[in-house]
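Student: Okay, handing you the structure first.
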Amino acid sequence: MPPIGRGAGADQPNVILCMTDDQGWGDTGYNDHPQLQTPNMDAMADDGVRFDRFYAASPVCSPTRGSCLTGRHPYRYGIEYANVGHLPAAERNLAETLSEAGYRTGHFGKWHLGTLTTVVQESNRGGPRGTDHYAPPWDRGFDTCFSTEAAVPTYDPMRVPAISDAEDGDETTVGDAYGSHYWTGPGEIATENLGGDDSRVIVDRAVPFVREAARENEPFFAVVWFHSPHAPVVAGEEDRERYAHRSVDEQHYYGTISAIDAQIGRLRDELYDLGIAEETMLWFCSDNGPAAEGGGPGWDSGMRQRGETGRLRGRKGTLYEGGVRVPGTLVWPEGVDPGVVDAPCVTTDFYPTILDAVGSNVSGPEPLDGESLLPLLRGERDGRSSPIGFRDRNLTGDGGDIAVIDDDHKLIRPHADATFQLYDLAEDPYETENLADEQPERVDELETWVRNWRASIDAEERSTCT
């Protein structure tokens, strides 16, 4: 990889972390999707850094989100799966650290790192049933919030879309309250401007936050976590129309990604209009690979997930490439030149990279699993200084899914009863040829690393942290 380089300036940059939900590595135009129109995501890949091997720390959403804010593997603090655990106060996260450095902080969209109310029963765990996991963003360093606990429909997010019960034929009344809210603070629920495309609804709140910070000449940290294209997948008529020649499912799925793309473009335009695009780190990625086709029992046609892995093996919920390799880009004109990074990078790298860029030497609990990417981006290093470890409990909860990526090699045990498999991702990105029998010494080397890494996680016993 040639050096990407670094421009002058870039002290105390603004930071925006954009993340989609269940968008596959192949669900972008720049990764050669044959149907999807994503001109703004493509422009980010052209104008900034394109990470061809960018990984989510987990194959499901909640753990990955925690990794973004802490730089640590989620098993270290008890978020082992979706809707499990919460972000403990003991974990020092990016919002808290940047706030102390003088940053305005805002969270917009899906939180999924704890419940947002102990009073009202809502979403997956909110209310009295989830009191032990009350951990809202306003108690984790965020000044401004427009946040849901978990997933909502991608269009008219507070209302039930057309969902039928496949077993008894009953139909939930379209337009009923979905059972979730956008929360803006303790006991505060948003009531205005909640209709239409959910990605626009989210960015409608993020843009004023950015404008106000720019007007006051204050650096800001904005987390913009879209719900799309997570089920229930519903696109508006205008976004569906561009895919009118495709099936109804595809119209909705592609349409909702195009809707996100439009909002990415809107954010970039706003940064340029405010004169702060050059000094802003704008990151983009997904939280895991695409879900299995369909949305579970009862989802009507038009609300199914049709994500693409780009032929990578596996999907959401697995540690094969299709479950954890995701789209990843960074545009930061003052900080890095455009280029392509083919070394493996991961969401746990956000925390140390951003603190490195800001010049902060403050850290939280140790050890960090991520590392600063700035030396890599500046051409001071060819690859990572340490491997990337993965661990997932899957639906069985046994914690037996484990993997490590060390440069081009990947060692993976897909479940607790399996033996380790070895793949050369440079030669075989689709994980079709298991090299474990041919390279037993490499297997032993990586298995030893995995064993030590897992022991360091188990020793923390952080799942009871509050």
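Each chain of the structure tokens is named A, B, ... in the order shown, its residues numbered from 1; ligands are numbered from 1 in display order.
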Within 12 Å of Arg315 of chain A, counting only C-alpha atoms, which residues qualify if same-chain residues fewer than 4 places away don't, as a list in words?

Tutor: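 Counting only the stated atoms, we get Asp22, Gln23, Gly24, Trp25, Gly26, Ser58, Pro59, Val60, Asn288, Gly289, Pro290, Ala291, Ala292, Glu293, Gln305, Arg306, Gly307, Glu308, Thr309, Gly310, Arg311, Leu319, Tyr320, Glu321, Gly322, Gly323, Val324, Arg325 and Val326 of chain A.
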
Student: Those same residues, written as an mmCIF file, in the first residue's frame with N, CA and C atoms?

Tutor:
data_model
loop_
_atom_site.group_PDB
_atom_site.id
_atom_site.type_symbol
_atom_site.label_atom_id
_atom_site.label_comp_id
_atom_site.auth_asym_id
_atom_site.auth_seq_id
_atom_site.Cartn_x
_atom_site.Cartn_y
_atom_site.Cartn_z
ATOM 1 N N ASP A 22 -26.683 -3.588 9.316
ATOM 2 C CA ASP A 22 -26.838 -4.787 8.488
ATOM 3 C C ASP A 22 -26.524 -4.551 7.012
ATOM 4 N N GLN A 23 -25.749 -3.549 6.683
ATOM 5 C CA GLN A 23 -25.367 -3.336 5.286
ATOM 6 C C GLN A 23 -24.166 -4.208 4.946
ATOM 7 N N GLY A 24 -24.305 -5.031 3.936
ATOM 8 C CA GLY A 24 -23.239 -5.942 3.566
ATOM 9 C C GLY A 24 -22.083 -5.273 2.860
ATOM 10 N N TRP A 25 -20.931 -5.969 2.861
ATOM 11 C CA TRP A 25 -19.748 -5.450 2.169
ATOM 12 C C TRP A 25 -20.057 -5.183 0.704
ATOM 13 N N GLY A 26 -20.926 -5.977 0.103
ATOM 14 C CA GLY A 26 -21.245 -5.795 -1.308
ATOM 15 C C GLY A 26 -22.376 -4.834 -1.576
ATOM 16 N N SER A 58 -17.798 -7.392 15.736
ATOM 17 C CA SER A 58 -18.718 -8.496 16.017
ATOM 18 C C SER A 58 -19.616 -8.708 14.805
ATOM 19 N N PRO A 59 -20.156 -9.904 14.640
ATOM 20 C CA PRO A 59 -21.093 -10.131 13.540
ATOM 21 C C PRO A 59 -22.523 -9.723 13.855
ATOM 22 N N VAL A 60 -22.756 -9.085 15.019
ATOM 23 C CA VAL A 60 -24.062 -8.530 15.360
ATOM 24 C C VAL A 60 -23.872 -7.133 15.945
ATOM 25 N N ASN A 288 -22.221 -4.792 10.877
ATOM 26 C CA ASN A 288 -21.989 -6.223 10.639
ATOM 27 C C ASN A 288 -22.428 -6.520 9.222
ATOM 28 N N GLY A 289 -22.293 -7.780 8.819
ATOM 29 C CA GLY A 289 -22.717 -8.158 7.488
ATOM 30 C C GLY A 289 -24.221 -8.215 7.352
ATOM 31 N N PRO A 290 -24.700 -8.531 6.140
ATOM 32 C CA PRO A 290 -26.142 -8.530 5.895
ATOM 33 C C PRO A 290 -26.847 -9.688 6.574
ATOM 34 N N ALA A 291 -28.076 -9.440 6.986
ATOM 35 C CA ALA A 291 -28.876 -10.495 7.607
ATOM 36 C C ALA A 291 -29.266 -11.532 6.561
ATOM 37 N N ALA A 292 -29.687 -12.687 7.048
ATOM 38 C CA ALA A 292 -30.212 -13.698 6.141
ATOM 39 C C ALA A 292 -31.423 -13.135 5.422
ATOM 40 N N GLU A 293 -31.646 -13.590 4.206
ATOM 41 C CA GLU A 293 -32.780 -13.069 3.457
ATOM 42 C C GLU A 293 -34.068 -13.328 4.222
ATOM 43 N N GLN A 305 -34.812 -8.505 3.933
ATOM 44 C CA GLN A 305 -33.442 -8.044 3.763
ATOM 45 C C GLN A 305 -32.793 -8.799 2.613
ATOM 46 N N ARG A 306 -32.203 -8.054 1.705
ATOM 47 C CA ARG A 306 -31.640 -8.626 0.492
ATOM 48 C C ARG A 306 -30.167 -8.260 0.346
ATOM 49 N N GLY A 307 -29.468 -8.172 1.458
ATOM 50 C CA GLY A 307 -28.092 -7.696 1.425
ATOM 51 C C GLY A 307 -27.135 -8.626 0.705
ATOM 52 N N GLU A 308 -26.041 -8.025 0.221
ATOM 53 C CA GLU A 308 -25.023 -8.759 -0.514
ATOM 54 C C GLU A 308 -23.685 -8.709 0.222
ATOM 55 N N THR A 309 -23.000 -9.826 0.228
ATOM 56 C CA THR A 309 -21.665 -9.890 0.831
ATOM 57 C C THR A 309 -20.563 -9.715 -0.202
ATOM 58 N N GLY A 310 -20.932 -9.588 -1.471
ATOM 59 C CA GLY A 310 -19.914 -9.557 -2.501
ATOM 60 C C GLY A 310 -19.230 -10.906 -2.661
ATOM 61 N N ARG A 311 -20.013 -11.979 -2.495
ATOM 62 C CA ARG A 311 -19.562 -13.369 -2.612
ATOM 63 C C ARG A 311 -18.747 -13.836 -1.409
ATOM 64 N N LEU A 319 -18.654 -15.517 11.955
ATOM 65 C CA LEU A 319 -17.345 -14.870 11.910
ATOM 66 C C LEU A 319 -16.616 -15.090 10.587
ATOM 67 N N TYR A 320 -17.283 -15.722 9.638
ATOM 68 C CA TYR A 320 -16.729 -15.739 8.293
ATOM 69 C C TYR A 320 -16.788 -14.317 7.722
ATOM 70 N N GLU A 321 -16.057 -14.100 6.635
ATOM 71 C CA GLU A 321 -15.887 -12.737 6.118
ATOM 72 C C GLU A 321 -17.204 -12.016 5.856
ATOM 73 N N GLY A 322 -18.195 -12.727 5.346
ATOM 74 C CA GLY A 322 -19.467 -12.080 5.054
ATOM 75 C C GLY A 322 -20.197 -11.557 6.275
ATOM 76 N N GLY A 323 -19.848 -12.068 7.452
ATOM 77 C CA GLY A 323 -20.489 -11.615 8.680
ATOM 78 C C GLY A 323 -19.815 -10.432 9.318
ATOM 79 N N VAL A 324 -18.508 -10.238 9.046
ATOM 80 C CA VAL A 324 -17.761 -9.185 9.743
ATOM 81 C C VAL A 324 -17.037 -8.200 8.830
ATOM 82 N N ARG A 325 -16.788 -8.548 7.570
ATOM 83 C CA ARG A 325 -16.157 -7.558 6.689
ATOM 84 C C ARG A 325 -17.241 -6.638 6.139
ATOM 85 N N VAL A 326 -17.056 -5.335 6.284
ATOM 86 C CA VAL A 326 -18.108 -4.367 5.972
ATOM 87 C C VAL A 326 -17.522 -3.200 5.179
#

Student: Residues of segment 27-200 of chain A classed as strand (DSSP E or B) by DSSP on the backbone are to be reported as a PyMOL selection string.

Tutor: chain A and resi 49-51+54-55+104-110+115+122+126+134+144-148+155+159+164+171+177+183-185+188-189+197

Student: Which distance in Å separates atom CA of Thr347 of chain A and atom CA of Ser385 of chain A, to one decimal?

Tutor: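 Those two atoms sit 15.6 Å apart.
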
Student: Go through A:Arg381, A:Phe146, A:His409, A:Ala101 one by one, measure the shortest atom-to-atom distance of each to Gly359 of chain A using only C-alpha atoms, and give the residue with the smallest value.

Tutor: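 Nearest candidate to Gly359 of chain A out of A:Arg381, A:Phe146, A:His409, A:Ala101: A:Ala101.
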
Student: Residues of segment 319-375 of chain A that approach segment 31-50 of chain A to 12 Å or less, counting only C-alpha atoms: could you list each one with the shortest pair of atoms and its distance in Å to one decimal, rows by chain and increasing residue number, as JSON lines?

Tutor:
{"residue": "A:Val326", "atom": "CA", "partner": "A:Asn31", "partner_atom": "CA", "distance": 10.4}
{"residue": "A:Pro327", "atom": "CA", "partner": "A:Asn31", "partner_atom": "CA", "distance": 8.3}
{"residue": "A:Gly328", "atom": "CA", "partner": "A:Arg50", "partner_atom": "CA", "distance": 6.3}
{"residue": "A:Thr329", "atom": "CA", "partner": "A:Arg50", "partner_atom": "CA", "distance": 4.7}
{"residue": "A:Leu330", "atom": "CA", "partner": "A:Val49", "partner_atom": "CA", "distance": 5.0}
{"residue": "A:Val331", "atom": "CA", "partner": "A:Gly48", "partner_atom": "CA", "distance": 4.2}
{"residue": "A:Trp332", "atom": "CA", "partner": "A:Gly48", "partner_atom": "CA", "distance": 6.7}
{"residue": "A:Pro333", "atom": "CA", "partner": "A:Gly48", "partner_atom": "CA", "distance": 7.4}
{"residue": "A:Glu334", "atom": "CA", "partner": "A:Gly48", "partner_atom": "CA", "distance": 10.7}
{"residue": "A:Gly335", "atom": "CA", "partner": "A:Gly48", "partner_atom": "CA", "distance": 10.1}
{"residue": "A:Val336", "atom": "CA", "partner": "A:Gly48", "partner_atom": "CA", "distance": 7.5}
{"residue": "A:Asp337", "atom": "CA", "partner": "A:Gly48", "partner_atom": "CA", "distance": 6.5}
{"residue": "A:Pro338", "atom": "CA", "partner": "A:Gly48", "partner_atom": "CA", "distance": 4.2}
{"residue": "A:Gly339", "atom": "CA", "partner": "A:Val49", "partner_atom": "CA", "distance": 4.9}
{"residue": "A:Val340", "atom": "CA", "partner": "A:Arg50", "partner_atom": "CA", "distance": 4.8}
{"residue": "A:Val341", "atom": "CA", "partner": "A:Arg50", "partner_atom": "CA", "distance": 6.1}
{"residue": "A:Asp342", "atom": "CA", "partner": "A:Arg50", "partner_atom": "CA", "distance": 8.6}
{"residue": "A:Ala343", "atom": "CA", "partner": "A:Arg50", "partner_atom": "CA", "distance": 10.9}
{"residue": "A:Pro344", "atom": "CA", "partner": "A:Arg50", "partner_atom": "CA", "distance": 11.7}
{"residue": "A:Cys345", "atom": "CA", "partner": "A:Arg50", "partner_atom": "CA", "distance": 11.0}
{"residue": "A:Leu373", "atom": "CA", "partner": "A:Val49", "partner_atom": "CA", "distance": 11.5}
{"residue": "A:Leu374", "atom": "CA", "partner": "A:Val49", "partner_atom": "CA", "distance": 11.7}

Student: Those residues with N, CA and C atoms, as a PDB file, in the first residue's frame please?

Tutor:
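Written out: result.pdb:
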ATOM      1  N   VAL A 326     -17.056  -5.335   6.284  1.00  0.00           N
ATOM      2  CA  VAL A 326     -18.108  -4.367   5.972  1.00  0.00           C
ATOM      3  C   VAL A 326     -17.522  -3.200   5.179  1.00  0.00           C
ATOM      4  N   PRO A 327     -18.376  -2.406   4.528  1.00  0.00           N
ATOM      5  CA  PRO A 327     -17.881  -1.201   3.871  1.00  0.00           C
ATOM      6  C   PRO A 327     -17.232  -0.273   4.895  1.00  0.00           C
ATOM      7  N   GLY A 328     -16.153   0.391   4.521  1.00  0.00           N
ATOM      8  CA  GLY A 328     -15.482   1.317   5.429  1.00  0.00           C
ATOM      9  C   GLY A 328     -14.756   2.401   4.663  1.00  0.00           C
ATOM     10  N   THR A 329     -15.037   3.657   5.008  1.00  0.00           N
ATOM     11  CA  THR A 329     -14.367   4.790   4.370  1.00  0.00           C
ATOM     12  C   THR A 329     -14.103   5.885   5.395  1.00  0.00           C
ATOM     13  N   LEU A 330     -13.150   6.758   5.069  1.00  0.00           N
ATOM     14  CA  LEU A 330     -12.842   7.940   5.879  1.00  0.00           C
ATOM     15  C   LEU A 330     -12.505   9.080   4.934  1.00  0.00           C
ATOM     16  N   VAL A 331     -13.199  10.206   5.105  1.00  0.00           N
ATOM     17  CA  VAL A 331     -12.851  11.434   4.400  1.00  0.00           C
ATOM     18  C   VAL A 331     -12.414  12.457   5.442  1.00  0.00           C
ATOM     19  N   TRP A 332     -11.178  12.925   5.309  1.00  0.00           N
ATOM     20  CA  TRP A 332     -10.604  13.905   6.241  1.00  0.00           C
ATOM     21  C   TRP A 332      -9.549  14.697   5.450  1.00  0.00           C
ATOM     22  N   PRO A 333      -9.979  15.674   4.677  1.00  0.00           N
ATOM     23  CA  PRO A 333      -9.070  16.341   3.733  1.00  0.00           C
ATOM     24  C   PRO A 333      -7.812  16.923   4.366  1.00  0.00           C
ATOM     25  N   GLU A 334      -7.912  17.506   5.564  1.00  0.00           N
ATOM     26  CA  GLU A 334      -6.726  18.079   6.198  1.00  0.00           C
ATOM     27  C   GLU A 334      -5.813  17.013   6.787  1.00  0.00           C
ATOM     28  N   GLY A 335      -6.347  15.838   7.022  1.00  0.00           N
ATOM     29  CA  GLY A 335      -5.581  14.833   7.743  1.00  0.00           C
ATOM     30  C   GLY A 335      -4.987  13.736   6.899  1.00  0.00           C
ATOM     31  N   VAL A 336      -5.709  13.293   5.869  1.00  0.00           N
ATOM     32  CA  VAL A 336      -5.221  12.184   5.042  1.00  0.00           C
ATOM     33  C   VAL A 336      -5.573  12.433   3.589  1.00  0.00           C
ATOM     34  N   ASP A 337      -4.708  11.958   2.716  1.00  0.00           N
ATOM     35  CA  ASP A 337      -4.957  12.019   1.286  1.00  0.00           C
ATOM     36  C   ASP A 337      -5.794  10.818   0.864  1.00  0.00           C
ATOM     37  N   PRO A 338      -6.468  10.915  -0.277  1.00  0.00           N
ATOM     38  CA  PRO A 338      -7.228   9.766  -0.774  1.00  0.00           C
ATOM     39  C   PRO A 338      -6.316   8.572  -1.040  1.00  0.00           C
ATOM     40  N   GLY A 339      -6.860   7.402  -0.872  1.00  0.00           N
ATOM     41  CA  GLY A 339      -6.087   6.191  -1.128  1.00  0.00           C
ATOM     42  C   GLY A 339      -6.853   4.957  -0.726  1.00  0.00           C
ATOM     43  N   VAL A 340      -6.253   3.820  -0.914  1.00  0.00           N
ATOM     44  CA  VAL A 340      -6.868   2.531  -0.595  1.00  0.00           C
ATOM     45  C   VAL A 340      -6.000   1.817   0.435  1.00  0.00           C
ATOM     46  N   VAL A 341      -6.628   1.357   1.511  1.00  0.00           N
ATOM     47  CA  VAL A 341      -5.943   0.580   2.542  1.00  0.00           C
ATOM     48  C   VAL A 341      -6.367  -0.876   2.402  1.00  0.00           C
ATOM     49  N   ASP A 342      -5.401  -1.750   2.175  1.00  0.00           N
ATOM     50  CA  ASP A 342      -5.729  -3.168   2.058  1.00  0.00           C
ATOM     51  C   ASP A 342      -5.320  -3.965   3.287  1.00  0.00           C
ATOM     52  N   ALA A 343      -4.783  -3.285   4.302  1.00  0.00           N
ATOM     53  CA  ALA A 343      -4.490  -3.953   5.577  1.00  0.00           C
ATOM     54  C   ALA A 343      -5.781  -4.067   6.381  1.00  0.00           C
ATOM     55  N   PRO A 344      -5.931  -5.102   7.198  1.00  0.00           N
ATOM     56  CA  PRO A 344      -7.148  -5.239   7.992  1.00  0.00           C
ATOM     57  C   PRO A 344      -7.260  -4.141   9.054  1.00  0.00           C
ATOM     58  N   CYS A 345      -8.439  -3.549   9.148  1.00  0.00           N
ATOM     59  CA  CYS A 345      -8.756  -2.534  10.156  1.00  0.00           C
ATOM     60  C   CYS A 345     -10.117  -2.887  10.742  1.00  0.00           C
ATOM     61  N   LEU A 373      -4.806   4.101  13.639  1.00  0.00           N
ATOM     62  CA  LEU A 373      -4.545   3.863  12.220  1.00  0.00           C
ATOM     63  C   LEU A 373      -3.718   4.984  11.584  1.00  0.00           C
ATOM     64  N   LEU A 374      -3.441   6.041  12.338  1.00  0.00           N
ATOM     65  CA  LEU A 374      -2.727   7.162  11.733  1.00  0.00           C
ATOM     66  C   LEU A 374      -1.357   6.769  11.186  1.00  0.00           C
TER      67      LEU A 374
END

Student: My list of candidates is A:Gln421, A:Ser99, A:Thr115, A:Ser67. Which is closest to Gly85 of chain A when distances are computed with only C-alpha atoms?

Tutor: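 Counting only C-alpha atoms, the residue closest to Gly85 of chain A is A:Thr115.
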
Student: Based on DSSP run over this structure's backbone, return all residues of segment 17-146 of chain A in helix (DSSP H, G or I), as number ranges by chain.

Tutor: A: 39-47, 61-70, 74-77, 94-100, 128-133, 137-139

Student: Could you build a table of the residues in segment 59-130 of chain A lying no more than 10 Å from segment 137-141 of chain A, giving for each the nearest pair of atoms and their separation in Å rounded to one decimal place, using only C-alpha atoms, ordered by chain and ascending residue number, as a tab-separated table?

Tutor:
residue	atom	partner	partner_atom	distance
A:Leu87	CA	A:Arg140	CA	8.3
A:Pro88	CA	A:Arg140	CA	8.7
A:Ala89	CA	A:Arg140	CA	6.9
A:Ala90	CA	A:Arg140	CA	10.0
A:Glu91	CA	A:Arg140	CA	9.2
A:Arg92	CA	A:Arg140	CA	8.5
A:Asn93	CA	A:Arg140	CA	7.4
A:Leu94	CA	A:Gly141	CA	8.1
A:Ala95	CA	A:Gly141	CA	4.9
A:Glu96	CA	A:Gly141	CA	4.4
A:Thr97	CA	A:Gly141	CA	8.1
A:Leu98	CA	A:Gly141	CA	8.7
A:Ser99	CA	A:Gly141	CA	6.9
A:Glu100	CA	A:Gly141	CA	9.2
A:Arg104	CA	A:Gly141	CA	9.6
A:Thr105	CA	A:Gly141	CA	7.3
A:Gly106	CA	A:Pro137	CA	8.7
A:His107	CA	A:Pro137	CA	7.1
A:Phe108	CA	A:Pro137	CA	9.7
A:Trp111	CA	A:Pro137	CA	7.4
A:His112	CA	A:Pro137	CA	9.9
A:Leu113	CA	A:Pro137	CA	8.4
A:Gly114	CA	A:Pro137	CA	8.7
A:Thr115	CA	A:Pro137	CA	9.5
A:Leu116	CA	A:Pro137	CA	8.1

Student: Limited to N, CA and C atoms, could you put the picked residues into a file as a PDB file, in the first residue's frame?

Tutor:
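Once written, again03.pdb looks like this:
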ATOM      1  N   LEU A  87     -23.493  -0.702  28.072  1.00  0.00           N
ATOM      2  CA  LEU A  87     -22.202  -0.031  28.139  1.00  0.00           C
ATOM      3  C   LEU A  87     -21.972   0.443  29.571  1.00  0.00           C
ATOM      4  N   PRO A  88     -21.053  -0.180  30.308  1.00  0.00           N
ATOM      5  CA  PRO A  88     -20.871   0.164  31.715  1.00  0.00           C
ATOM      6  C   PRO A  88     -20.301   1.569  31.888  1.00  0.00           C
ATOM      7  N   ALA A  89     -20.663   2.204  32.988  1.00  0.00           N
ATOM      8  CA  ALA A  89     -20.098   3.518  33.297  1.00  0.00           C
ATOM      9  C   ALA A  89     -18.589   3.443  33.488  1.00  0.00           C
ATOM     10  N   ALA A  90     -18.092   2.271  33.872  1.00  0.00           N
ATOM     11  CA  ALA A  90     -16.650   2.116  34.095  1.00  0.00           C
ATOM     12  C   ALA A  90     -15.856   2.190  32.803  1.00  0.00           C
ATOM     13  N   GLU A  91     -16.520   1.950  31.664  1.00  0.00           N
ATOM     14  CA  GLU A  91     -15.842   2.060  30.376  1.00  0.00           C
ATOM     15  C   GLU A  91     -15.800   3.528  29.959  1.00  0.00           C
ATOM     16  N   ARG A  92     -14.600   4.061  29.831  1.00  0.00           N
ATOM     17  CA  ARG A  92     -14.472   5.447  29.391  1.00  0.00           C
ATOM     18  C   ARG A  92     -14.622   5.474  27.878  1.00  0.00           C
ATOM     19  N   ASN A  93     -15.668   6.126  27.372  1.00  0.00           N
ATOM     20  CA  ASN A  93     -15.913   6.077  25.941  1.00  0.00           C
ATOM     21  C   ASN A  93     -15.523   7.381  25.255  1.00  0.00           C
ATOM     22  N   LEU A  94     -15.587   7.364  23.932  1.00  0.00           N
ATOM     23  CA  LEU A  94     -15.151   8.515  23.140  1.00  0.00           C
ATOM     24  C   LEU A  94     -15.883   9.798  23.503  1.00  0.00           C
ATOM     25  N   ALA A  95     -17.193   9.710  23.716  1.00  0.00           N
ATOM     26  CA  ALA A  95     -17.948  10.922  24.023  1.00  0.00           C
ATOM     27  C   ALA A  95     -17.452  11.572  25.306  1.00  0.00           C
ATOM     28  N   GLU A  96     -17.181  10.758  26.325  1.00  0.00           N
ATOM     29  CA  GLU A  96     -16.696  11.306  27.595  1.00  0.00           C
ATOM     30  C   GLU A  96     -15.310  11.925  27.442  1.00  0.00           C
ATOM     31  N   THR A  97     -14.433  11.234  26.752  1.00  0.00           N
ATOM     32  CA  THR A  97     -13.072  11.732  26.585  1.00  0.00           C
ATOM     33  C   THR A  97     -13.044  13.001  25.754  1.00  0.00           C
ATOM     34  N   LEU A  98     -13.792  13.035  24.648  1.00  0.00           N
ATOM     35  CA  LEU A  98     -13.798  14.213  23.790  1.00  0.00           C
ATOM     36  C   LEU A  98     -14.525  15.381  24.451  1.00  0.00           C
ATOM     37  N   SER A  99     -15.519  15.087  25.247  1.00  0.00           N
ATOM     38  CA  SER A  99     -16.201  16.160  25.975  1.00  0.00           C
ATOM     39  C   SER A  99     -15.226  16.879  26.900  1.00  0.00           C
ATOM     40  N   GLU A 100     -14.385  16.110  27.576  1.00  0.00           N
ATOM     41  CA  GLU A 100     -13.393  16.724  28.456  1.00  0.00           C
ATOM     42  C   GLU A 100     -12.342  17.514  27.672  1.00  0.00           C
ATOM     43  N   ARG A 104     -18.250  19.346  21.692  1.00  0.00           N
ATOM     44  CA  ARG A 104     -19.674  19.077  21.814  1.00  0.00           C
ATOM     45  C   ARG A 104     -19.915  17.655  21.341  1.00  0.00           C
ATOM     46  N   THR A 105     -20.831  16.964  21.979  1.00  0.00           N
ATOM     47  CA  THR A 105     -21.048  15.562  21.643  1.00  0.00           C
ATOM     48  C   THR A 105     -22.530  15.303  21.387  1.00  0.00           C
ATOM     49  N   GLY A 106     -22.824  14.519  20.366  1.00  0.00           N
ATOM     50  CA  GLY A 106     -24.212  14.214  20.053  1.00  0.00           C
ATOM     51  C   GLY A 106     -24.378  12.804  19.521  1.00  0.00           C
ATOM     52  N   HIS A 107     -25.458  12.150  19.932  1.00  0.00           N
ATOM     53  CA  HIS A 107     -25.799  10.832  19.416  1.00  0.00           C
ATOM     54  C   HIS A 107     -27.142  10.905  18.710  1.00  0.00           C
ATOM     55  N   PHE A 108     -27.196  10.358  17.487  1.00  0.00           N
ATOM     56  CA  PHE A 108     -28.390  10.437  16.665  1.00  0.00           C
ATOM     57  C   PHE A 108     -28.653   9.080  16.020  1.00  0.00           C
ATOM     58  N   TRP A 111     -29.091   3.402  19.367  1.00  0.00           N
ATOM     59  CA  TRP A 111     -28.140   3.312  20.473  1.00  0.00           C
ATOM     60  C   TRP A 111     -27.739   1.847  20.695  1.00  0.00           C
ATOM     61  N   HIS A 112     -28.661   1.038  21.212  1.00  0.00           N
ATOM     62  CA  HIS A 112     -28.496  -0.411  21.350  1.00  0.00           C
ATOM     63  C   HIS A 112     -27.368  -0.794  22.299  1.00  0.00           C
ATOM     64  N   LEU A 113     -27.053   0.099  23.237  1.00  0.00           N
ATOM     65  CA  LEU A 113     -26.020  -0.183  24.231  1.00  0.00           C
ATOM     66  C   LEU A 113     -26.583  -0.095  25.637  1.00  0.00           C
ATOM     67  N   GLY A 114     -27.885  -0.302  25.752  1.00  0.00           N
ATOM     68  CA  GLY A 114     -28.564  -0.224  27.035  1.00  0.00           C
ATOM     69  C   GLY A 114     -29.947   0.361  26.850  1.00  0.00           C
ATOM     70  N   THR A 115     -30.756   0.317  27.892  1.00  0.00           N
ATOM     71  CA  THR A 115     -32.114   0.840  27.806  1.00  0.00           C
ATOM     72  C   THR A 115     -32.120   2.344  28.065  1.00  0.00           C
ATOM     73  N   LEU A 116     -33.215   3.002  27.631  1.00  0.00           N
ATOM     74  CA  LEU A 116     -33.320   4.455  27.716  1.00  0.00           C
ATOM     75  C   LEU A 116     -34.379   4.920  28.696  1.00  0.00           C
TER      76      LEU A 116
END

Student: Counting only C-alpha atoms, which residue out of A:His181, A:Arg451, A:Arg242, A:Arg125 sits closest to Ala82 of chain A?

Tutor: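 Looking only at the distances to Ala82 of chain A, the closest residue turns out to be A:Arg125.
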
Student: Taking 2 positions as the minimum chain separation for residues in the same chain, which residues sit within 7 Å of Asp287 of chain A when counting only C-alpha atoms? Answer as a PDB file with N, CA and C atoms, in the first residue's frame.

Tutor:
ATOM      1  N   MET A  19     -22.764   5.069  10.754  1.00  0.00           N
ATOM      2  CA  MET A  19     -22.827   3.607  10.701  1.00  0.00           C
ATOM      3  C   MET A  19     -24.213   3.177  10.236  1.00  0.00           C
ATOM      4  N   THR A  20     -24.235   2.240   9.293  1.00  0.00           N
ATOM      5  CA  THR A  20     -25.488   1.640   8.878  1.00  0.00           C
ATOM      6  C   THR A  20     -25.708   0.339   9.644  1.00  0.00           C
ATOM      7  N   ASP A  21     -26.879  -0.252   9.477  1.00  0.00           N
ATOM      8  CA  ASP A  21     -27.258  -1.424  10.262  1.00  0.00           C
ATOM      9  C   ASP A  21     -27.550  -2.592   9.321  1.00  0.00           C
ATOM     10  N   ASP A  22     -26.683  -3.588   9.316  1.00  0.00           N
ATOM     11  CA  ASP A  22     -26.838  -4.787   8.488  1.00  0.00           C
ATOM     12  C   ASP A  22     -26.524  -4.551   7.012  1.00  0.00           C
ATOM     13  N   ALA A  56     -16.166  -5.201  11.244  1.00  0.00           N
ATOM     14  CA  ALA A  56     -16.917  -4.962  12.470  1.00  0.00           C
ATOM     15  C   ALA A  56     -16.336  -5.872  13.545  1.00  0.00           C
ATOM     16  N   VAL A  60     -22.756  -9.085  15.019  1.00  0.00           N
ATOM     17  CA  VAL A  60     -24.062  -8.530  15.360  1.00  0.00           C
ATOM     18  C   VAL A  60     -23.872  -7.133  15.945  1.00  0.00           C
ATOM     19  N   CYS A  61     -25.000  -6.404  16.047  1.00  0.00           N
ATOM     20  CA  CYS A  61     -24.922  -4.952  16.192  1.00  0.00           C
ATOM     21  C   CYS A  61     -24.469  -4.410  17.549  1.00  0.00           C
ATOM     22  N   THR A  64     -20.662  -4.512  18.317  1.00  0.00           N
ATOM     23  CA  THR A  64     -19.879  -3.639  17.432  1.00  0.00           C
ATOM     24  C   THR A  64     -19.995  -2.191  17.868  1.00  0.00           C
ATOM     25  N   ARG A  65     -21.180  -1.755  18.230  1.00  0.00           N
ATOM     26  CA  ARG A  65     -21.371  -0.350  18.614  1.00  0.00           C
ATOM     27  C   ARG A  65     -20.540  -0.001  19.849  1.00  0.00           C
ATOM     28  N   CYS A 285     -19.198   3.220   8.005  1.00  0.00           N
ATOM     29  CA  CYS A 285     -19.077   1.756   7.985  1.00  0.00           C
ATOM     30  C   CYS A 285     -20.436   1.153   8.315  1.00  0.00           C
TER      31      CYS A 285
END
